[in-house]
Structures are given as structure tokens and as C-alpha cells.
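Listing of query-v7.cif, mmCIF, C-alpha atoms
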```
data_input
#
loop_
_atom_site.group_PDB
_atom_site.id
_atom_site.type_symbol
_atom_site.label_atom_id
_atom_site.label_comp_id
_atom_site.auth_asym_id
_atom_site.auth_seq_id
_atom_site.Cartn_x
_atom_site.Cartn_y
_atom_site.Cartn_z
ATOM 1 C CA MET Z 1 0.000 0.000 0.000
ATOM 2 C CA ARG Z 2 2.868 2.367 0.714
ATOM 3 C CA TYR Z 3 4.223 1.811 -2.788
ATOM 4 C CA PHE Z 4 0.859 2.651 -4.375
ATOM 5 C CA ILE Z 5 0.678 6.028 -2.603
ATOM 6 C CA PHE Z 6 4.231 6.784 -3.687
ATOM 7 C CA LEU Z 7 3.711 5.793 -7.343
ATOM 8 C CA PHE Z 8 0.232 7.349 -7.836
ATOM 9 C CA PRO Z 9 1.564 10.879 -8.702
ATOM 10 C CA LEU Z 10 3.929 9.259 -11.214
ATOM 11 C CA PHE Z 11 1.019 7.576 -13.033
ATOM 12 C CA ALA Z 12 -0.942 10.837 -13.125
ATOM 13 C CA ILE Z 13 1.964 12.735 -14.699
ATOM 14 C CA CYS Z 14 2.644 10.056 -17.346
ATOM 15 C CA GLN Z 15 -0.937 10.079 -18.614
ATOM 16 C CA SER Z 16 -1.180 13.829 -19.206
ATOM 17 C CA ASN Z 17 -0.153 13.689 -22.922
ATOM 18 C CA SER Z 18 -2.585 10.964 -23.947
ATOM 19 C CA GLN Z 19 -6.149 10.960 -25.143
ATOM 20 C CA SER Z 20 -8.571 8.170 -24.360
ATOM 21 C CA ALA Z 21 -11.209 6.859 -26.737
ATOM 22 C CA GLY Z 22 -13.088 3.644 -26.105
ATOM 23 C CA GLY Z 23 -10.451 2.143 -23.829
ATOM 24 C CA PHE Z 24 -7.552 2.871 -26.240
ATOM 25 C CA ARG Z 25 -4.944 5.525 -25.573
ATOM 26 C CA PHE Z 26 -3.562 7.724 -28.361
ATOM 27 C CA TYR Z 27 -0.327 9.568 -27.689
ATOM 28 C CA ASP Z 28 0.550 12.860 -29.386
ATOM 29 C CA THR Z 29 3.596 11.925 -31.502
ATOM 30 C CA ASN Z 30 3.564 15.083 -33.622
ATOM 31 C CA LYS Z 31 5.018 17.700 -31.286
ATOM 32 C CA SER Z 32 6.529 19.763 -34.096
ATOM 33 C CA ASN Z 33 4.825 22.692 -35.802
ATOM 34 C CA ILE Z 34 6.884 22.181 -38.975
ATOM 35 C CA THR Z 35 4.931 20.705 -41.845
ATOM 36 C CA LEU Z 36 6.746 18.029 -43.770
ATOM 37 C CA TYR Z 37 6.388 19.884 -47.057
ATOM 38 C CA GLN Z 38 8.327 22.958 -45.964
ATOM 39 C CA THR Z 39 11.968 23.184 -46.921
ATOM 40 C CA THR Z 40 14.512 25.070 -44.860
ATOM 41 C CA GLY Z 41 17.603 26.604 -46.410
ATOM 42 C CA SER Z 42 18.189 27.437 -50.037
ATOM 43 C CA ARG Z 43 19.693 25.658 -53.007
ATOM 44 C CA PHE Z 44 21.328 28.898 -54.147
ATOM 45 C CA TYR Z 45 24.659 30.215 -52.888
ATOM 46 C CA HIS Z 46 23.626 33.832 -53.491
ATOM 47 C CA GLU Z 47 20.514 35.281 -51.886
ATOM 48 C CA LYS Z 48 19.799 37.593 -54.814
ATOM 49 C CA PHE Z 49 20.747 37.878 -58.458
ATOM 50 C CA LEU Z 50 24.075 39.539 -59.344
ATOM 51 C CA THR Z 51 24.725 41.284 -62.644
ATOM 52 C CA SER Z 52 27.164 39.909 -65.168
ATOM 53 C CA ILE Z 53 27.922 40.131 -68.873
ATOM 54 C CA ILE Z 54 27.556 36.951 -70.937
ATOM 55 C CA LYS Z 55 28.070 37.050 -74.712
ATOM 56 C CA GLY Z 56 27.904 40.829 -74.680
ATOM 57 C CA LYS Z 57 24.525 40.942 -72.892
ATOM 58 C CA LYS Z 58 23.964 42.250 -69.390
ATOM 59 C CA VAL Z 59 22.228 39.473 -67.428
ATOM 60 C CA GLU Z 60 21.407 38.585 -63.841
ATOM 61 C CA VAL Z 61 23.066 35.448 -62.451
ATOM 62 C CA ARG Z 62 23.198 33.460 -59.237
ATOM 63 C CA PHE Z 63 24.904 30.200 -58.446
ATOM 64 C CA ASP Z 64 22.739 27.106 -57.907
ATOM 65 C CA ALA Z 65 25.016 25.065 -55.623
ATOM 66 C CA PHE Z 66 22.667 22.061 -55.638
ATOM 67 C CA LYS Z 67 22.834 21.579 -59.431
ATOM 68 C CA ASP Z 68 26.324 23.112 -59.751
ATOM 69 C CA ALA Z 69 25.133 25.503 -62.437
ATOM 70 C CA MET Z 70 24.811 29.228 -62.935
ATOM 71 C CA TYR Z 71 21.145 30.253 -62.970
ATOM 72 C CA VAL Z 72 20.861 33.007 -65.581
ATOM 73 C CA ARG Z 73 17.883 35.351 -65.852
ATOM 74 C CA PHE Z 74 17.885 37.143 -69.191
ATOM 75 C CA ASN Z 75 14.537 38.839 -68.553
ATOM 76 C CA ASP Z 76 11.470 38.194 -66.393
ATOM 77 C CA ASN Z 77 10.156 35.372 -68.575
ATOM 78 C CA TYR Z 78 13.342 33.605 -69.676
ATOM 79 C CA PHE Z 79 15.694 31.596 -67.463
ATOM 80 C CA GLU Z 80 18.583 29.323 -68.356
ATOM 81 C CA TYR Z 81 21.228 27.230 -66.629
ATOM 82 C CA LEU Z 82 24.836 27.782 -67.640
ATOM 83 C CA MET Z 83 26.617 24.462 -67.172
ATOM 84 C CA PRO Z 84 30.430 24.357 -66.750
ATOM 85 C CA SER Z 85 31.153 22.263 -69.843
ATOM 86 C CA LYS Z 86 34.526 23.749 -70.802
ATOM 87 C CA ASN Z 87 37.626 24.414 -68.704
ATOM 88 C CA ASN Z 88 38.875 27.943 -68.181
ATOM 89 C CA VAL Z 89 35.458 29.560 -68.704
ATOM 90 C CA SER Z 90 35.142 32.429 -66.254
ATOM 91 C CA ILE Z 91 32.347 34.735 -65.152
ATOM 92 C CA LEU Z 92 32.572 37.867 -63.034
ATOM 93 C CA LEU Z 93 29.469 38.133 -60.835
ATOM 94 C CA GLY Z 94 28.464 41.473 -59.416
ATOM 95 C CA GLY Z 95 31.720 43.025 -60.609
ATOM 96 C CA LYS Z 96 33.675 41.425 -57.757
ATOM 97 C CA GLU Z 97 33.223 37.627 -57.684
ATOM 98 C CA PRO Z 98 35.279 35.676 -60.239
ATOM 99 C CA TRP Z 99 33.941 32.164 -60.911
ATOM 100 C CA LEU Z 100 35.696 29.684 -63.168
ATOM 101 C CA ALA Z 101 34.824 26.329 -64.641
ATOM 102 C CA TYR Z 102 37.254 23.480 -64.162
ATOM 103 C CA ASP Z 103 36.623 19.761 -64.670
ATOM 104 C CA ASN Z 104 32.893 20.358 -65.368
ATOM 105 C CA LYS Z 105 32.328 22.158 -62.043
ATOM 106 C CA TRP Z 106 32.056 25.792 -60.972
ATOM 107 C CA TYR Z 107 34.555 27.179 -58.452
ATOM 108 C CA ARG Z 108 34.886 30.624 -56.944
ATOM 109 C CA LEU Z 109 38.384 32.004 -57.360
ATOM 110 C CA LEU Z 110 39.547 33.408 -54.024
ATOM 111 C CA PHE Z 111 43.036 34.550 -55.037
ATOM 112 C CA LYS Z 112 46.124 33.585 -56.999
ATOM 113 C CA ASP Z 113 49.477 33.085 -55.318
ATOM 114 C CA LYS Z 114 52.325 32.744 -57.819
ATOM 115 C CA LYS Z 115 51.599 29.351 -59.465
ATOM 116 C CA LYS Z 116 48.648 28.398 -57.228
ATOM 117 C CA SER Z 117 45.010 29.379 -57.500
ATOM 118 C CA TYR Z 118 42.888 28.954 -54.363
ATOM 119 C CA LEU Z 119 39.308 27.957 -55.095
ATOM 120 C CA PHE Z 120 36.134 27.776 -53.037
ATOM 121 C CA LYS Z 121 33.436 25.223 -53.849
ATOM 122 C CA PRO Z 122 30.029 25.685 -52.186
ATOM 123 C CA ILE Z 123 28.067 22.426 -52.191
ATOM 124 C CA VAL Z 124 24.435 22.182 -51.150
ATOM 125 C CA GLU Z 125 23.141 18.821 -49.960
ATOM 126 C CA TYR Z 126 19.463 17.948 -49.702
ATOM 127 C CA SER Z 127 18.062 15.909 -46.831
ATOM 128 C CA LYS Z 128 14.556 14.493 -47.158
ATOM 129 C CA PRO Z 129 11.815 15.141 -44.601
ATOM 130 C CA ARG Z 130 11.349 12.542 -41.886
ATOM 131 C CA MET Z 131 8.248 11.599 -39.963
ATOM 132 C CA ALA Z 132 8.544 11.119 -36.217
ATOM 133 C CA ASN Z 133 8.605 7.408 -35.500
ATOM 134 C CA SER Z 134 7.909 7.708 -31.772
ATOM 135 C CA GLY Z 135 6.498 10.130 -29.259
ATOM 136 C CA TYR Z 136 10.001 11.082 -28.207
ATOM 137 C CA SER Z 137 11.100 12.398 -31.594
ATOM 138 C CA VAL Z 138 9.781 15.219 -33.773
ATOM 139 C CA ASN Z 139 9.089 15.623 -37.479
ATOM 140 C CA LYS Z 140 11.994 16.989 -39.480
ATOM 141 C CA ALA Z 141 11.376 19.170 -42.527
ATOM 142 C CA ALA Z 142 13.333 18.849 -45.758
ATOM 143 C CA GLU Z 143 16.530 20.852 -45.663
ATOM 144 C CA PHE Z 144 19.204 22.280 -47.929
ATOM 145 C CA LYS Z 145 22.602 22.449 -46.153
ATOM 146 C CA LEU Z 146 25.569 24.435 -47.452
ATOM 147 C CA LYS Z 147 28.957 22.729 -47.199
ATOM 148 C CA LYS Z 148 32.190 24.582 -47.886
ATOM 149 C CA ARG Z 149 35.101 22.921 -49.682
ATOM 150 C CA PHE Z 150 38.443 24.510 -50.514
ATOM 151 C CA PHE Z 151 40.806 23.502 -53.298
ATOM 152 C CA VAL Z 152 44.095 24.581 -54.779
ATOM 153 C CA LEU Z 153 44.752 24.450 -58.530
ATOM 154 C CA GLU Z 154 48.427 24.018 -59.260
ATOM 155 C CA ALA Z 155 49.970 23.004 -62.584
ATOM 156 C CA GLY Z 156 46.652 21.712 -63.917
ATOM 157 C CA THR Z 157 45.871 19.480 -60.919
ATOM 158 C CA LEU Z 158 43.155 20.156 -58.390
ATOM 159 C CA LYS Z 159 43.842 19.197 -54.757
ATOM 160 C CA LYS Z 160 41.896 19.640 -51.552
ATOM 161 C CA VAL Z 161 43.419 22.168 -49.153
ATOM 162 C CA SER Z 162 44.250 20.925 -45.651
ATOM 163 C CA LYS Z 163 42.774 22.669 -42.611
ATOM 164 C CA LYS Z 164 46.272 23.574 -41.460
ATOM 165 C CA GLU Z 165 46.980 25.402 -44.718
ATOM 166 C CA LEU Z 166 43.554 27.117 -44.598
ATOM 167 C CA LYS Z 167 44.392 28.592 -41.190
ATOM 168 C CA LYS Z 168 47.908 29.537 -42.258
ATOM 169 C CA ILE Z 169 46.727 31.456 -45.319
ATOM 170 C CA GLY Z 170 43.645 32.956 -43.627
ATOM 171 C CA ILE Z 171 41.069 31.651 -46.078
ATOM 172 C CA ILE Z 172 38.493 30.826 -43.401
ATOM 173 C CA LYS Z 173 38.477 34.437 -42.169
ATOM 174 C CA MET Z 174 38.171 35.600 -45.768
ATOM 175 C CA ILE Z 175 35.113 33.414 -46.451
ATOM 176 C CA ASN Z 176 33.398 34.312 -43.160
ATOM 177 C CA SER Z 177 33.800 38.033 -43.905
ATOM 178 C CA LEU Z 178 32.024 37.718 -47.285
#
```
Any chance you could give the structure as C-alpha cells?
Amino acid sequence: MRYFIFLFPLFAICQSNSQSAGGFRFYDTNKSNITLYQTTGSRFYHEKFLTSIIKGKKVEVRFDAFKDAMYVRFNDNYFEYLMPSKNNVSILLGGKEPWLAYDNKWYRLLFKDKKKSYLFKPIVEYSKPRMANSGYSVNKAAEFKLKKRFFVLEAGTLKKVSKKELKKIGIIKMINSL
């Protein structure tokens, strides 16, 4: 009897999140306000369009990091993707951001140091939405996540830059200030 008096408040607290209907108990497993069809983040590296000149025409461009293509808006009704099909193709976005195509991918040129070119590659990964599978977890919306990769182009070969070299050169501070 002593144990029942001690455990009774525990039973009352545990049953507060359930609903009863005909002898069955339904627990509220959806404790998240996020709908599964919302997507957080963006597939684009740039928030807005930047001006550039392509084939002698002034156009608005932004980088789609999910597809690895430049999203070009010629006018309000006409859009196109510029794929990096050739090496050494370069675009100057907004008058200050040089982007170049190498090995069928777009890279942002950070700076050149004698024979080396330091490149930044923004990559966006997509994660699918997930339903909560128990009352202890929550629904997770679909999400675009930006990952930052750094490379060095030297004598025609592309290599990943080590974290030690990134700190030594100061590239991380440069990217965070942009």
C-alpha cells in the first residue's frame, strides 16, 4: 500500500499527454509545428541575383550550388542554366566575384598566389523530410545544407586544401567576412 501512494503521482503525470477513446490511448507523436512539405535553407549560394555580362549581354546570375550551375535570368520570362562544360570559362558576378569552370564544375576564385590558384566550392546537400517514429522524436522538414570545400589548382591538378593550410593562409576568415 505504501508503494501505491508513492507511485500514484507518477502515473498521473505520465498520462497527461494521452487521449482516451473507447479504452484505447492515443499519444501525441507530432510535437513539431513544422509541416513536412516545408523546406529550410536554399539551393542557391547567393541570396539575390548579381549582374554579369555573358556574350555581350547584361544578365542577372546566381549560383545554384545544388545543381552546380549558374542560374541566368535574361529577362522576367526567360531563365537558363549555364553548365560548366569547358575548362577555363570564367564569369565575373556582381563586378567582384570571379567564378571559373574546371573539370565540369564551378569554383569561386579566391586569389592567386604565384603558381597556385585557391578555389572555393560551395556544395548544397538535400536531406529528405522525416516523420517522427515515436512520441520522443519530432518531425523533421526537408533541408538544404551548405557545405564549404576549398581547393588549390596548381599546374593543372586540383587538390583539396588541408585545414592547417587554410588557417595559415587565412582563407576561413576571408570566407566568413564575405
Residues matched by the PyMOL selection byres ((chain Z and resi 172) around 12), written as a list of chain:residue names: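 Given this file, the PyMOL selection byres ((chain Z and resi 172) around 12) evaluates to Z:Leu110, Z:Tyr118, Z:Phe120, Z:Lys148, Z:Arg149, Z:Phe150, Z:Val161, Z:Ser162, Z:Lys163, Z:Lys164, Z:Glu165, Z:Leu166, Z:Lys167, Z:Lys168, Z:Ile169, Z:Gly170, Z:Ile171, Z:Lys173, Z:Met174, Z:Ile175, Z:Asn176, Z:Ser177, Z:Leu178.
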Two-atom distance - CA of Ala101 in chain Z, CA of Ser42 in chain Z (Å):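 Spanning CA of Ala101 in chain Z to CA of Ser42 in chain Z is a straight-line distance of 22.2 Å.
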If the box runs along x, y and z of the file and leaves 5 Å on each side of range 45-61 of chain Z, what are its centre and edge lengths in Å, one decimal, as lines of an AutoDock Vina configuration file?
```
center_x = 23.9
center_y = 36.2
center_z = -63.3
size_x = 18.3
size_y = 22.0
size_z = 32.8
```
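On the file presented, the PyMOL selection byres ((chain Z and resi 128) around 7) picks out Tyr126, Ser127, Pro129, Arg130, Ala142 and Glu143 of chain Z.
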All residues 10 Å or closer to Arg62 in chain Z, all atoms listed in the file, same chain fewer than 4 positions away omitted, as number ranges by chain: Z: 44-52, 69-73, 81, 93-94
Pick from Z:Lys55, Z:Lys147, Z:Lys160, Z:Lys112, whichever lies nearest to Pro98 in chain Z using only C-alpha atoms: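 The shortest atom-to-atom distance to Pro98 in chain Z comes from Z:Lys112.
Taking CA of Ser85 in chain Z as the reference point, CA of Trp106 in chain Z is found at 9.6 Å.
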Two-atom distance - CA of Gln38 in chain Z, CA of Phe79 in chain Z (Å):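 Interatomic distance, CA of Gln38 in chain Z to CA of Phe79 in chain Z: 24.3 Å.
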Z:Ser134, Z:Asn139, Z:Thr157, Z:Asn104 ranked by distance to Asp68 in chain Z, top pick (using only C-alpha atoms): Z:Asn104
Once the PyMOL selection byres ((chain Z and resi 102) around 8) has been applied to the shown file, what residues remain in the selection, as a compact mmCIF listing (two decimals) with C-alpha atoms, in the frame of the given file?
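The result, written out as result_9.txt:
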```txt
# COMPACT_ATOMS: atom_id res chain seq x y z
CA PRO Z 84 30.43 24.36 -66.75
CA LYS Z 86 34.53 23.75 -70.80
CA ASN Z 87 37.63 24.41 -68.70
CA ASN Z 88 38.88 27.94 -68.18
CA VAL Z 89 35.46 29.56 -68.70
CA LEU Z 100 35.70 29.68 -63.17
CA ALA Z 101 34.82 26.33 -64.64
CA ASP Z 103 36.62 19.76 -64.67
CA ASN Z 104 32.89 20.36 -65.37
CA LYS Z 105 32.33 22.16 -62.04
CA TRP Z 106 32.06 25.79 -60.97
CA TYR Z 107 34.56 27.18 -58.45
```
Exercise: Glu154 in chain Z partners within 7 Å, all atoms listed in the file, chain neighbours under 4 positions left out, as a ChimeraX atom specification: /Z:115-117,158
